[in-house]
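A.B. asks: Data: start13.cif, mmCIF, C-alpha atoms.
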```cif
data_input
loop_
_atom_site.label_atom_id
_atom_site.label_comp_id
_atom_site.auth_asym_id
_atom_site.auth_seq_id
_atom_site.Cartn_x
_atom_site.Cartn_y
_atom_site.Cartn_z
CA MET A 4 -86.45 -47.64 -73.70
CA THR A 5 -84.70 -45.37 -71.28
CA ALA A 6 -81.10 -44.48 -70.64
CA ASP A 7 -80.93 -46.97 -67.80
CA ALA A 8 -79.29 -50.34 -68.12
CA ARG A 9 -81.72 -53.24 -68.26
CA ALA A 10 -79.92 -55.85 -66.23
CA LEU A 11 -82.16 -58.11 -64.18
CA PRO A 12 -82.30 -57.18 -60.46
CA GLY A 13 -80.51 -60.36 -59.36
CA GLN A 14 -77.71 -59.64 -61.76
CA GLY A 15 -77.11 -56.09 -60.57
CA ALA A 16 -74.03 -56.76 -58.48
CA ALA A 17 -72.45 -58.98 -61.11
CA THR A 18 -73.13 -56.43 -63.84
CA ALA A 19 -71.64 -53.64 -61.72
CA VAL A 20 -68.52 -55.67 -60.97
CA TRP A 21 -68.15 -56.54 -64.63
CA LEU A 22 -68.52 -52.89 -65.68
CA LEU A 23 -66.06 -51.67 -63.04
CA GLY A 24 -63.54 -54.36 -63.94
CA GLY A 25 -63.84 -53.55 -67.61
CA LEU A 26 -63.44 -49.86 -66.89
CA ALA A 27 -60.30 -50.51 -64.84
CA ALA A 28 -58.83 -52.71 -67.55
CA ALA A 29 -59.66 -50.19 -70.28
CA SER A 30 -58.13 -47.34 -68.26
CA LEU A 31 -54.90 -49.24 -67.65
CA ALA A 32 -54.69 -50.36 -71.27
CA ARG A 33 -55.25 -46.82 -72.49
CA ALA A 34 -52.48 -45.49 -70.25
CA ALA A 35 -50.12 -48.18 -71.49
CA LEU A 36 -50.88 -47.45 -75.14
CA ASN A 37 -51.09 -43.66 -74.87
CA GLY A 38 -47.44 -42.94 -75.67
CA HIS A 39 -45.81 -39.56 -76.20
CA VAL A 40 -47.14 -38.61 -79.62
CA ALA A 41 -50.52 -37.35 -80.78
CA LEU A 42 -51.30 -40.33 -83.02
CA SER A 43 -50.94 -42.96 -80.31
CA ALA A 44 -52.84 -40.78 -77.82
CA PHE A 45 -55.68 -40.23 -80.29
CA VAL A 46 -55.88 -43.95 -81.14
CA ALA A 47 -55.76 -44.92 -77.46
CA GLY A 48 -58.39 -42.34 -76.53
CA ALA A 49 -60.74 -43.19 -79.38
CA THR A 50 -60.46 -46.93 -78.72
CA PHE A 51 -61.08 -46.31 -75.03
CA GLY A 52 -64.26 -44.37 -75.78
CA ILE A 53 -65.56 -46.95 -78.24
CA VAL A 54 -64.84 -49.83 -75.84
CA LEU A 55 -66.72 -48.09 -73.04
CA VAL A 56 -69.73 -47.44 -75.26
CA ALA A 57 -69.65 -51.09 -76.35
CA MET A 58 -69.53 -52.27 -72.73
CA ALA A 59 -72.41 -49.98 -71.77
CA SER A 60 -74.38 -51.30 -74.72
CA MET A 61 -73.65 -54.91 -73.75
CA ALA A 62 -74.97 -54.11 -70.26
CA GLY A 63 -78.23 -52.98 -71.81
CA TRP A 64 -77.78 -49.22 -71.90
CA ARG A 65 -79.28 -47.42 -74.86
CA PRO A 66 -79.30 -43.69 -75.64
CA ALA A 67 -82.58 -41.87 -75.40
CA ARG A 68 -83.74 -38.49 -76.58
CA PRO A 69 -82.92 -35.91 -73.92
CA SER A 70 -85.42 -33.26 -72.96
CA VAL A 71 -84.66 -29.63 -73.60
CA THR A 72 -84.57 -29.19 -69.83
CA SER A 73 -81.80 -31.78 -69.58
CA LEU A 74 -79.80 -30.01 -72.26
CA LEU A 75 -80.17 -26.70 -70.46
CA ILE A 76 -79.30 -28.18 -67.07
CA GLY A 77 -76.27 -29.88 -68.59
CA SER A 78 -75.10 -26.64 -70.20
CA VAL A 79 -75.42 -24.74 -66.94
CA GLY A 80 -73.68 -27.60 -65.13
CA GLY A 81 -70.80 -27.39 -67.58
CA LEU A 82 -70.49 -23.64 -67.22
CA VAL A 83 -70.35 -24.05 -63.45
CA LEU A 84 -67.46 -26.51 -63.81
CA VAL A 85 -65.62 -24.15 -66.13
CA ALA A 86 -66.20 -21.20 -63.81
CA LEU A 87 -65.19 -22.81 -60.51
CA PRO A 88 -61.38 -22.78 -60.98
CA ARG A 89 -61.61 -19.21 -62.23
CA LEU A 90 -63.61 -18.17 -59.19
CA ALA A 91 -61.17 -19.98 -56.91
CA HIS A 92 -58.23 -18.09 -58.41
CA PRO A 93 -59.72 -14.94 -59.95
CA LEU A 94 -56.43 -13.08 -60.27
CA LEU A 95 -54.45 -15.80 -62.02
CA PRO A 96 -54.54 -17.23 -65.50
CA ALA A 97 -54.70 -21.00 -65.78
CA VAL A 98 -51.59 -23.10 -66.01
CA ILE A 99 -51.07 -23.84 -69.66
CA GLY A 100 -51.35 -27.55 -70.14
CA MET A 101 -51.97 -29.46 -73.31
CA ARG A 102 -53.15 -28.14 -76.65
CA PRO A 103 -52.52 -31.06 -78.94
CA ASP A 104 -52.72 -30.70 -82.69
CA PRO A 105 -54.70 -31.18 -84.83
CA PHE A 106 -57.55 -29.44 -83.05
CA ALA A 107 -60.33 -31.24 -84.96
CA ALA A 108 -58.95 -34.66 -84.04
CA TRP A 109 -58.63 -33.55 -80.44
CA VAL A 110 -62.27 -32.40 -80.35
CA LEU A 111 -63.49 -35.63 -81.95
CA VAL A 112 -61.51 -37.96 -79.69
CA THR A 113 -62.36 -35.92 -76.60
CA ALA A 114 -66.05 -36.22 -77.52
CA LEU A 115 -65.63 -39.98 -77.94
CA VAL A 116 -63.96 -40.28 -74.56
CA VAL A 117 -66.70 -38.23 -72.90
CA THR A 118 -69.41 -40.27 -74.61
CA GLY A 119 -67.83 -43.54 -73.54
CA GLU A 120 -67.28 -42.48 -69.96
CA GLU A 121 -70.81 -41.13 -69.58
CA ALA A 122 -72.47 -44.10 -71.32
CA LEU A 123 -70.70 -46.49 -68.99
CA LEU A 124 -70.58 -44.53 -65.72
CA ARG A 125 -73.71 -42.39 -65.62
CA GLY A 126 -75.55 -44.72 -68.03
CA ALA A 127 -75.08 -48.44 -67.55
CA LEU A 128 -73.30 -48.52 -64.19
CA PHE A 129 -75.40 -45.81 -62.55
CA GLY A 130 -78.64 -47.47 -63.63
CA THR A 131 -77.51 -50.86 -62.45
CA LEU A 132 -76.33 -49.57 -59.07
CA GLU A 133 -79.37 -47.38 -58.56
CA ARG A 134 -81.64 -50.36 -58.90
CA ALA A 135 -79.46 -52.70 -56.90
CA ALA A 136 -78.33 -50.43 -54.05
CA GLY A 137 -80.06 -47.08 -54.36
CA PRO A 138 -79.16 -43.66 -55.73
CA VAL A 139 -76.64 -42.72 -53.02
CA ALA A 140 -74.56 -45.82 -53.71
CA ALA A 141 -74.86 -45.15 -57.44
CA VAL A 142 -73.49 -41.62 -57.05
CA ALA A 143 -70.74 -42.69 -54.64
CA ILE A 144 -69.45 -45.62 -56.66
CA THR A 145 -69.63 -43.96 -60.07
CA SER A 146 -67.90 -40.85 -58.69
CA LEU A 147 -65.11 -42.88 -57.13
CA ALA A 148 -64.70 -44.84 -60.35
CA PHE A 149 -64.60 -41.59 -62.32
CA ALA A 150 -61.79 -40.25 -60.13
CA LEU A 151 -59.75 -43.45 -60.06
CA MET A 152 -60.01 -44.13 -63.79
CA HIS A 153 -57.90 -41.01 -64.48
CA VAL A 154 -55.07 -41.98 -62.15
CA PRO A 155 -53.15 -44.15 -64.65
CA LEU A 156 -52.83 -41.21 -67.06
CA TYR A 157 -52.65 -38.20 -64.75
CA GLY A 158 -51.48 -39.43 -61.35
CA TRP A 159 -53.04 -39.53 -57.88
CA HIS A 160 -53.18 -35.77 -57.44
CA VAL A 161 -56.22 -35.59 -59.74
CA VAL A 162 -58.42 -37.63 -57.41
CA PRO A 163 -59.83 -34.78 -55.24
CA LEU A 164 -60.90 -32.65 -58.20
CA ASP A 165 -62.20 -35.48 -60.34
CA LEU A 166 -64.06 -36.95 -57.36
CA GLY A 167 -65.84 -33.65 -56.79
CA VAL A 168 -66.66 -33.33 -60.47
CA GLY A 169 -67.87 -36.94 -60.47
CA VAL A 170 -70.32 -36.19 -57.66
CA TRP A 171 -71.48 -33.07 -59.51
CA LEU A 172 -72.08 -35.11 -62.68
CA GLY A 173 -73.88 -37.76 -60.61
CA GLY A 174 -76.11 -35.01 -59.24
CA LEU A 175 -76.93 -33.92 -62.78
CA ARG A 176 -77.77 -37.54 -63.62
CA LEU A 177 -80.07 -37.76 -60.62
CA ALA A 178 -81.69 -34.41 -61.32
CA THR A 179 -82.51 -35.17 -64.95
CA GLY A 180 -82.84 -38.95 -64.99
CA GLY A 181 -80.55 -39.36 -68.01
CA VAL A 182 -76.99 -39.11 -69.25
CA ALA A 183 -77.43 -36.09 -71.52
CA ALA A 184 -76.98 -33.47 -68.80
CA PRO A 185 -73.81 -34.95 -67.27
CA ALA A 186 -72.45 -35.68 -70.75
CA ILE A 187 -72.92 -32.07 -71.86
CA ALA A 188 -71.41 -30.70 -68.65
CA HIS A 189 -68.50 -33.13 -68.90
CA GLY A 190 -67.92 -32.28 -72.56
CA LEU A 191 -67.99 -28.54 -71.95
CA ALA A 192 -65.47 -28.83 -69.13
CA ASP A 193 -63.14 -30.98 -71.23
CA LEU A 194 -63.33 -28.81 -74.34
CA SER A 195 -62.87 -25.60 -72.39
CA THR A 196 -59.32 -26.63 -71.52
CA TRP A 197 -58.22 -25.52 -74.97
CA TRP A 198 -59.07 -21.91 -74.23
CA ILE A 199 -58.28 -21.50 -70.55
CA MET B 22 -88.70 -28.79 -51.55
CA PRO B 23 -90.29 -32.09 -52.66
CA ALA B 24 -88.50 -35.18 -51.40
CA ARG B 25 -87.66 -36.38 -54.92
CA ARG B 26 -85.73 -33.18 -55.56
CA ARG B 27 -83.98 -33.08 -52.23
CA LEU B 28 -81.50 -35.84 -53.02
CA PRO B 29 -80.32 -34.45 -56.40
CA ALA B 30 -79.99 -31.00 -54.85
CA GLY B 31 -77.98 -32.39 -51.97
CA VAL B 32 -75.70 -34.37 -54.25
CA LEU B 33 -75.15 -31.33 -56.44
CA LEU B 34 -74.27 -29.25 -53.40
CA ILE B 35 -71.79 -31.86 -52.18
CA GLY B 36 -70.25 -32.08 -55.64
CA LEU B 37 -69.98 -28.32 -55.83
CA GLY B 38 -68.36 -28.16 -52.41
CA LEU B 39 -65.84 -30.91 -53.13
CA THR B 40 -64.93 -29.37 -56.48
CA TRP B 41 -64.51 -25.96 -54.87
CA LEU B 42 -62.30 -27.36 -52.11
CA ALA B 43 -60.14 -29.16 -54.69
CA ALA B 44 -59.78 -25.99 -56.75
CA MET B 45 -58.90 -23.96 -53.67
CA SER B 46 -56.35 -26.48 -52.45
CA THR B 47 -53.84 -25.51 -55.14
CA SER B 48 -52.09 -22.20 -55.56
CA VAL B 49 -52.37 -22.40 -59.33
CA ARG B 50 -55.47 -22.39 -61.52
CA THR B 51 -55.74 -25.69 -63.35
CA ALA B 52 -58.27 -27.27 -65.69
CA PRO B 53 -61.91 -27.80 -64.62
CA LEU B 54 -61.18 -31.52 -64.50
CA PHE B 55 -58.47 -33.93 -65.55
CA ASP B 56 -59.90 -35.86 -68.46
CA GLY B 57 -59.97 -36.01 -72.23
CA VAL B 58 -57.00 -36.79 -74.43
CA PHE B 59 -53.63 -36.89 -72.72
CA ILE B 60 -50.71 -35.92 -74.92
CA GLU B 61 -47.30 -34.84 -73.74
CA ASP B 62 -44.40 -34.14 -76.00
CA PRO B 63 -41.15 -35.89 -75.19
CA TYR B 64 -39.03 -33.85 -72.81
CA LEU B 65 -36.47 -31.68 -74.59
CA PHE B 66 -33.03 -31.61 -72.97
CA VAL B 67 -30.35 -28.98 -73.39
CA ASP B 68 -27.89 -31.86 -73.14
CA PRO B 69 -29.99 -34.82 -74.24
CA PRO B 70 -29.01 -38.26 -73.00
CA ALA B 71 -28.78 -41.03 -75.59
CA GLY B 72 -32.05 -41.41 -77.44
CA ALA B 73 -33.67 -38.32 -75.93
CA ALA B 74 -34.75 -35.19 -77.77
CA GLY B 75 -32.91 -31.87 -77.54
CA ASP B 76 -33.09 -28.21 -78.48
CA PRO B 77 -35.62 -26.89 -75.94
CA PRO B 78 -37.06 -23.48 -76.84
CA SER B 79 -36.72 -20.30 -74.85
CA ALA B 80 -39.60 -17.90 -74.31
CA GLU B 81 -39.63 -14.13 -74.31
CA ALA B 82 -42.46 -11.61 -74.15
CA THR B 83 -42.53 -7.84 -73.78
CA GLN B 84 -45.46 -6.41 -71.86
CA PRO B 85 -46.39 -2.73 -71.72
CA VAL B 86 -46.67 -1.08 -68.33
CA VAL B 87 -50.24 0.06 -67.63
CA ASP B 88 -51.00 2.90 -65.24
CA GLY B 89 -47.55 2.69 -63.73
CA SER B 90 -47.61 -1.00 -62.90
CA VAL B 91 -46.86 -4.28 -64.59
CA PRO B 92 -50.09 -6.06 -65.56
CA LEU B 93 -50.74 -9.75 -65.03
CA LEU B 94 -48.03 -11.77 -66.77
CA ALA B 95 -48.19 -15.32 -68.13
CA VAL B 96 -45.34 -16.54 -70.29
CA ALA B 97 -44.53 -20.12 -71.23
CA THR B 98 -42.25 -22.08 -73.49
CA THR B 99 -43.85 -23.73 -76.50
CA GLU B 100 -43.73 -27.45 -75.72
CA VAL B 101 -46.94 -29.37 -74.94
CA PRO B 102 -47.17 -28.96 -72.04
CA PRO B 103 -44.70 -26.10 -71.59
CA GLN B 104 -41.50 -27.12 -69.84
CA ALA B 105 -41.34 -23.76 -68.06
CA GLN B 106 -43.96 -21.14 -67.25
CA ILE B 107 -44.20 -18.03 -65.14
CA ILE B 108 -47.46 -16.51 -63.92
CA ALA B 109 -47.33 -13.23 -62.03
CA GLU B 110 -50.26 -11.30 -60.64
CA ALA B 111 -50.67 -7.66 -61.56
CA ASP B 112 -48.22 -5.22 -59.97
CA ALA B 113 -45.94 -8.04 -58.83
CA PHE B 114 -42.73 -6.30 -59.89
CA ALA B 115 -41.16 -3.11 -58.60
CA ILE B 116 -40.44 -0.73 -61.46
CA SER B 117 -38.93 2.71 -61.56
CA ALA B 118 -41.01 5.71 -62.56
CA GLY B 119 -41.30 6.15 -66.31
CA THR B 120 -40.79 2.49 -67.20
CA GLN B 121 -42.85 1.84 -70.33
CA SER B 122 -42.53 -1.92 -70.66
CA VAL B 123 -40.96 -5.02 -69.18
CA THR B 124 -39.53 -8.11 -70.84
CA VAL B 125 -40.05 -11.57 -69.43
CA SER B 126 -37.69 -14.30 -70.51
CA ILE B 127 -37.30 -17.98 -69.79
CA VAL B 128 -34.06 -19.55 -70.99
CA PRO B 129 -33.11 -23.22 -70.61
CA ALA B 130 -29.63 -24.22 -69.54
CA SER B 131 -27.72 -27.39 -68.81
CA ALA B 132 -28.25 -29.19 -65.54
CA THR B 133 -25.39 -28.39 -63.19
CA ASP B 134 -26.09 -30.96 -60.50
CA PRO B 135 -26.75 -34.71 -60.70
CA THR B 136 -29.92 -34.35 -58.62
CA ILE B 137 -31.51 -32.05 -61.20
CA ALA B 138 -34.20 -33.68 -63.32
CA GLY B 139 -34.21 -32.10 -66.77
CA ASN B 140 -33.02 -28.61 -67.57
CA VAL B 141 -32.25 -25.57 -65.50
CA TYR B 142 -34.48 -22.60 -66.41
CA ARG B 143 -33.44 -18.99 -65.93
CA PHE B 144 -36.45 -16.75 -65.26
CA SER B 145 -35.90 -13.02 -65.60
CA VAL B 146 -37.96 -9.86 -65.86
CA THR B 147 -36.14 -6.76 -67.04
CA ASP B 148 -36.95 -3.16 -67.90
CA PRO B 149 -36.08 -1.66 -71.33
CA GLY B 150 -32.64 -0.72 -70.01
CA GLY B 151 -31.95 -4.38 -69.18
CA ALA B 152 -32.09 -3.93 -65.40
CA SER B 153 -33.52 -6.92 -63.54
CA LEU B 154 -36.73 -6.28 -61.66
CA GLU B 155 -37.42 -7.48 -58.15
CA ILE B 156 -40.60 -9.16 -56.98
CA ARG B 157 -42.57 -6.99 -54.57
CA PRO B 158 -42.89 -8.44 -51.06
CA GLY B 159 -46.10 -10.43 -50.78
CA ALA B 160 -46.75 -10.50 -54.51
CA ARG B 161 -47.72 -13.85 -55.97
CA VAL B 162 -45.40 -15.04 -58.70
CA THR B 163 -45.67 -18.71 -59.62
CA ILE B 164 -43.33 -20.72 -61.80
CA ILE B 165 -44.15 -24.12 -63.24
CA VAL B 166 -41.31 -26.37 -64.34
CA ARG B 167 -41.77 -29.72 -66.04
CA ALA B 168 -39.71 -32.77 -65.10
CA PRO B 169 -38.72 -35.43 -67.62
CA GLN B 170 -40.92 -38.06 -65.98
CA SER B 171 -43.98 -38.18 -63.80
CA ASP B 172 -43.09 -40.43 -60.88
CA LEU B 173 -40.47 -38.25 -59.24
CA VAL B 174 -40.27 -37.33 -55.60
CA ALA B 175 -38.99 -33.86 -56.29
CA GLN B 176 -39.19 -30.17 -55.56
CA ILE B 177 -38.36 -26.99 -57.39
CA ALA B 178 -35.06 -25.51 -56.26
CA ARG B 179 -33.40 -22.14 -56.81
CA PHE B 180 -29.68 -21.70 -57.26
CA ASP B 181 -28.55 -19.17 -54.65
CA GLY B 182 -25.08 -18.71 -56.14
CA THR B 183 -23.46 -21.59 -54.31
CA ARG B 184 -26.04 -24.37 -54.03
CA TRP B 185 -29.54 -25.45 -54.98
CA VAL B 186 -32.10 -24.54 -52.33
CA THR B 187 -35.49 -26.28 -52.47
CA ILE B 188 -38.67 -24.27 -52.07
CA PRO B 189 -42.21 -25.36 -51.19
CA THR B 190 -43.57 -27.11 -54.28
CA GLU B 191 -46.83 -28.62 -55.43
CA LEU B 192 -47.97 -30.32 -58.60
CA GLY B 193 -49.07 -27.89 -61.29
CA GLY B 194 -51.93 -29.83 -62.85
CA LEU B 195 -50.04 -32.80 -64.25
CA ALA B 196 -47.89 -35.36 -62.48
CA ASP B 197 -44.69 -34.03 -64.05
CA LEU B 198 -45.44 -30.31 -63.70
CA PHE B 199 -44.05 -28.79 -60.51
CA ALA B 200 -45.25 -25.39 -59.32
CA ALA B 201 -43.84 -23.03 -56.70
CA ASN B 202 -44.46 -19.50 -55.57
CA ILE B 203 -41.21 -17.56 -55.67
CA THR B 204 -39.91 -14.41 -54.07
CA GLN B 205 -36.83 -14.01 -56.27
CA LEU B 206 -36.16 -14.62 -59.92
CA GLY B 207 -33.12 -16.55 -61.10
CA ASP B 208 -32.19 -20.11 -61.99
CA PHE B 209 -34.69 -22.83 -61.11
CA ALA B 210 -34.84 -26.57 -61.67
CA VAL B 211 -36.69 -29.66 -60.52
CA VAL B 212 -34.46 -31.44 -58.00
CA VAL B 213 -35.03 -35.05 -57.01
CA THR B 214 -35.44 -35.23 -53.25
CA GLY B 215 -36.35 -38.88 -52.74
CA ALA B 216 -36.41 -42.34 -54.21
CA THR B 217 -38.58 -42.75 -57.29
CA PRO B 218 -40.47 -45.88 -58.29
CA SER B 219 -38.67 -46.25 -61.59
CA GLY B 220 -35.13 -45.28 -60.70
CA SER B 221 -33.12 -42.30 -61.80
CA ALA B 222 -34.50 -38.97 -62.83
CA VAL B 223 -33.76 -38.97 -66.50
CA ALA B 224 -33.19 -42.59 -67.43
CA SER B 225 -36.56 -43.51 -68.81
CA VAL B 226 -37.58 -40.53 -70.90
CA ALA B 227 -35.71 -41.24 -74.09
CA SER B 228 -37.90 -40.81 -77.11
CA SER B 229 -37.14 -39.76 -80.63
CA ALA B 230 -40.57 -38.43 -81.49
CA ALA B 231 -40.68 -34.82 -82.56
CA PRO B 232 -42.48 -32.33 -80.35
CA SER B 233 -45.51 -30.54 -81.64
CA GLY B 234 -44.18 -27.25 -80.34
CA GLY B 235 -41.01 -25.62 -81.50
CA GLY B 236 -39.37 -22.34 -82.25
CA GLY B 237 -38.25 -19.82 -79.73
CA ASP B 238 -41.29 -17.71 -79.10
CA ALA B 239 -43.64 -17.67 -76.17
CA THR B 240 -46.70 -19.84 -76.42
CA ASP B 241 -49.27 -18.56 -78.88
CA LEU B 242 -52.54 -18.05 -77.06
CA ASP B 243 -54.66 -17.43 -80.17
CA GLY B 244 -57.79 -19.52 -80.63
CA PRO B 245 -58.30 -22.22 -83.23
CA PRO B 246 -58.88 -21.26 -86.90
CA TRP B 247 -62.23 -20.34 -88.48
CA TRP B 248 -62.93 -23.80 -89.82
CA VAL B 249 -63.20 -25.02 -86.27
CA VAL B 250 -66.34 -22.94 -85.92
CA VAL B 251 -67.68 -24.65 -89.04
CA LEU B 252 -66.80 -28.01 -87.53
CA LEU B 253 -68.62 -27.19 -84.32
CA VAL B 254 -71.70 -26.05 -86.25
CA VAL B 255 -71.69 -29.32 -88.22
CA ALA B 256 -71.33 -31.24 -84.96
CA ALA B 257 -74.25 -29.32 -83.49
CA LEU B 258 -76.37 -30.10 -86.54
CA GLY B 259 -75.36 -33.76 -86.32
CA GLY B 260 -76.28 -33.80 -82.67
CA GLY B 261 -79.62 -32.25 -83.43
CA LEU B 262 -80.26 -34.83 -86.14
CA ALA B 263 -79.38 -37.65 -83.78
CA TRP B 264 -81.65 -36.14 -81.18
CA GLY B 265 -84.50 -36.09 -83.65
CA LEU B 266 -83.90 -39.72 -84.66
CA LEU B 267 -83.88 -41.04 -81.11
CA GLY B 268 -87.29 -42.34 -80.26
CA ASP B 269 -87.74 -42.41 -76.52
CA ARG B 270 -87.24 -39.70 -73.99
CA GLU B 271 -84.94 -39.83 -71.04
CA GLY B 272 -86.60 -40.17 -67.69
CA ARG B 273 -86.61 -41.95 -64.46
#
```
Using structure tokens, write down the structure from this file.
C.D. replies:
Amino acid sequence: MTADARALPGQGAATAVWLLGGLAAASLARAALNGHVALSAFVAGATFGIVLVAMASMAGWRPARPSVTSLLIGSVGGLVLVALPRLAHPLLPAVIGMRPDPFAAWVLVTALVVTGEEALLRGALFGTLERAAGPVAAVAITSLAFALMHVPLYGWHVVPLDLGVGVWLGGLRLATGGVAAPAIAHGLADLSTWWI
Amino acid sequence: MPARRRLPAGVLLIGLGLTWLAAMSTSVRTAPLFDGVFIEDPYLFVDPPAGAAGDPPSAEATQPVVDGSVPLLAVATTEVPPQAQIIAEADAFAISAGTQSVTVSIVPASATDPTIAGNVYRFSVTDPGGASLEIRPGARVTIIVRAPQSDLVAQIARFDGTRWVTIPTELGGLADLFAANITQLGDFAVVVTGATPSGSAVASVASSAAPSGGGGDATDLDGPPWWVVVLLVVAALGGGLAWGLLGDREGR
């Protein structure tokens, strides 16, 4: 079994719509439940990640063993994402954002969120769209969904950056044929925010 | 290049270009992407409205002068995210010969105008004698000020002694963080400049939850403790184990 979803060809559009609708609902629900304290944010984030993995699983996606090449490509892809803002503004430190405590819980929930997003977007949805409409449509739609799903929590100003990152992660998915590379790149970029 | 590699390469190039353009479109350096776990402390007011939290911290840091110029400065208050930050590129401040260090301070104060959302913040950089330093012409000094809520149509404004004067403002990474490049230090605040979807500037931010920050020092930039390294090693081993247990390989 591969990392692709196994929906029947005739069901591709319906599966994609179902996954996108579920993703939108989960994103809105997470934003509503997130609150202003760490506990509610951790619960909302963890639930969000688990729900996305469950949806991807229901659509037929299953994890598969990544190749060493995929792991390496994903690591390099993550380092590129971490380096880009630094290269764009080499003389400035980053704006200090969020460093929520406790760190271990933050790492765990962040990993869950990344896993859920990648399982659904670059796993189930990408596979379904690739078969139904081709790889370009798969990259375009999953990238747009990736950008829009962050709007309820962060606001519209995140769309340009997250859209670009979504296309980059879609490229990693295309290049390696699995979710491991985009998941590693995505995870590295997320976790790096603690230090930069 | 084989046809099957052309498409991934093209998509990666487009992604790289879009990400680069997005990073270049802001005057501040933000995170590599906006994702993960979103946690913001309740806003801390100097004069908290009913139900809102109070006692916002100040920030102060003393930086040694290196080779006759002030090095890159980054000072922030301790909330998550900081309610006020200043980032100055190296050699941004004019100092007199012999100056050994400078002190950066950010002090919250009460709002003095009904259009102000949140606190006023006084940004200052002084030499050891207490004299205020001026920003060199053309030097990039950026301040980031947080508003109490994220749906404001607002700008950062500076108090010129008689009135609040707005300055070109952009979002500083989050929807309630406003950033502006400044040419003078002084008193700054987020000023509402238009109608907001949810009404007044400070009406909907009341929350009694305690912030995770606190105290009066500048943000601690140290890394996480040693056990985090242990945690990451365990996670890596767990990942390796899972990898070994998975049967099939990824592929097209």
A.B. asks: Ranking B:Leu93, B:Val86, B:Leu198, B:Leu192 by minimum distance to Gln121 (chain B) and counting only C-alpha atoms, which one comes first?
C.D. replies: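 Ranking B:Leu93, B:Val86, B:Leu198, B:Leu192 by distance to Gln121 (chain B), first place goes to B:Val86.
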A.B. asks: Can you measure CA of Leu37 (chain B) to CA of Val58 (chain B) for me? One decimal in Å is fine.
C.D. replies: 24.2 Å
A.B. asks: Given the file shown, enumerate the residues that the PyMOL selection byres ((chain A and resi 130-134) around 7) captures and present them as a list in words.
C.D. replies: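 What the PyMOL selection byres ((chain A and resi 130-134) around 7) grabs from the file is Asp7, Ala8, Ala10, Gly15, Ala19, Gly126, Ala127, Leu128, Phe129, Ala135, Ala136, Gly137, Pro138, Ala140 and Ala141 of chain A.
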A.B. asks: Counting only C-alpha atoms, which of B:Arg157, B:Arg143, B:Arg184, B:Arg26 gets nearest to chain A?
C.D. replies: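 Looking only at the distances to chain A, the closest residue turns out to be B:Arg26.
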A.B. asks: If the PyMOL selection byres ((chain A and resi 185) around 12) were run on this exact file, what residues would it hold? Put them as a PyMOL selection string.
C.D. replies: (chain A and resi 69+73-82+84+117-118+120-122+124-126+129+146+168-184+186-192) or (chain B and resi 33)
A.B. asks: Report as a list in words the full result of the PyMOL selection byres ((chain A and resi 54) around 10) when it is applied to this structure.
C.D. replies: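 This file, filtered by the PyMOL selection byres ((chain A and resi 54) around 10), leaves Gly25, Leu26, Ala29, Gly48, Ala49, Thr50, Phe51, Gly52, Ile53, Leu55, Val56, Ala57, Met58, Ala59, Ser60, Val116, Gly119, Glu120 and Leu123 of chain A.
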A.B. asks: Would you kindly identify which residues have an atom no farther than 8 Å from (-43.9, -21.4, -63.7), using all atoms listed in the file and the file's own coordinates, and write them out as a list in words?
C.D. replies: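 Output of the proximity query reads Ala97, Ala105, Gln106, Ile107, Ile108, Thr163, Ile164, Ile165, Val166, Ala200 and Ala201 of chain B.
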A.B. asks: Could you state the separation of CA of Val91 (chain B) and CA of Asp112 (chain B) in Å, given to one decimal place?
C.D. replies: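 Computing it gives 4.9 Å between the two atoms.
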A.B. asks: CA of Thr190 (chain B) and CA of Ile177 (chain B) are how many Å apart?
C.D. replies: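 That distance, rounded to one decimal, is 6.1 Å.
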A.B. asks: Nearest to Leu156 (chain A): which of A:Ala108, A:Val20, A:Ala28, A:Ala34 is it, counting all atoms listed in the file?
C.D. replies: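 Looking only at the distances to Leu156 (chain A), the closest residue turns out to be A:Ala34.
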A.B. asks: Compare A:Leu147, A:Val85, A:Ala32, A:Val154 by their minimum atom-to-atom distance to chain B, counting all atoms listed in the file, and give me the closest one.
C.D. replies: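 Checking each candidate against chain B, we get A:Val85 as the closest.
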A.B. asks: As AutoDock Vina command-line options, what would the box around region 195-199 of chain B look like: edges along x, y and z, 4 Å added on every side, centre and edge lengths in Å to one decimal?
C.D. replies:
```
--center_x -47.0 --center_y -32.1 --center_z -62.4 --size_x 14.0 --size_y 14.6 --size_z 11.7
```
A.B. asks: Quick one: residues within 9 Å of Ala175 (chain B), only C-alpha atoms counted, chain neighbours fewer than 4 positions away excluded, as a PDB file with C-alpha atoms, in the coordinates of the input?
C.D. replies:
```
ATOM      1  CA  ALA B 138     -34.200 -33.680 -63.320  1.00  0.00           C
ATOM      2  CA  ALA B 168     -39.710 -32.770 -65.100  1.00  0.00           C
ATOM      3  CA  THR B 190     -43.570 -27.110 -54.280  1.00  0.00           C
ATOM      4  CA  PHE B 199     -44.050 -28.790 -60.510  1.00  0.00           C
ATOM      5  CA  VAL B 211     -36.690 -29.660 -60.520  1.00  0.00           C
ATOM      6  CA  VAL B 212     -34.460 -31.440 -58.000  1.00  0.00           C
ATOM      7  CA  VAL B 213     -35.030 -35.050 -57.010  1.00  0.00           C
ATOM      8  CA  THR B 214     -35.440 -35.230 -53.250  1.00  0.00           C
ATOM      9  CA  GLY B 215     -36.350 -38.880 -52.740  1.00  0.00           C
ATOM     10  CA  THR B 217     -38.580 -42.750 -57.290  1.00  0.00           C
TER      11      THR B 217
END
```
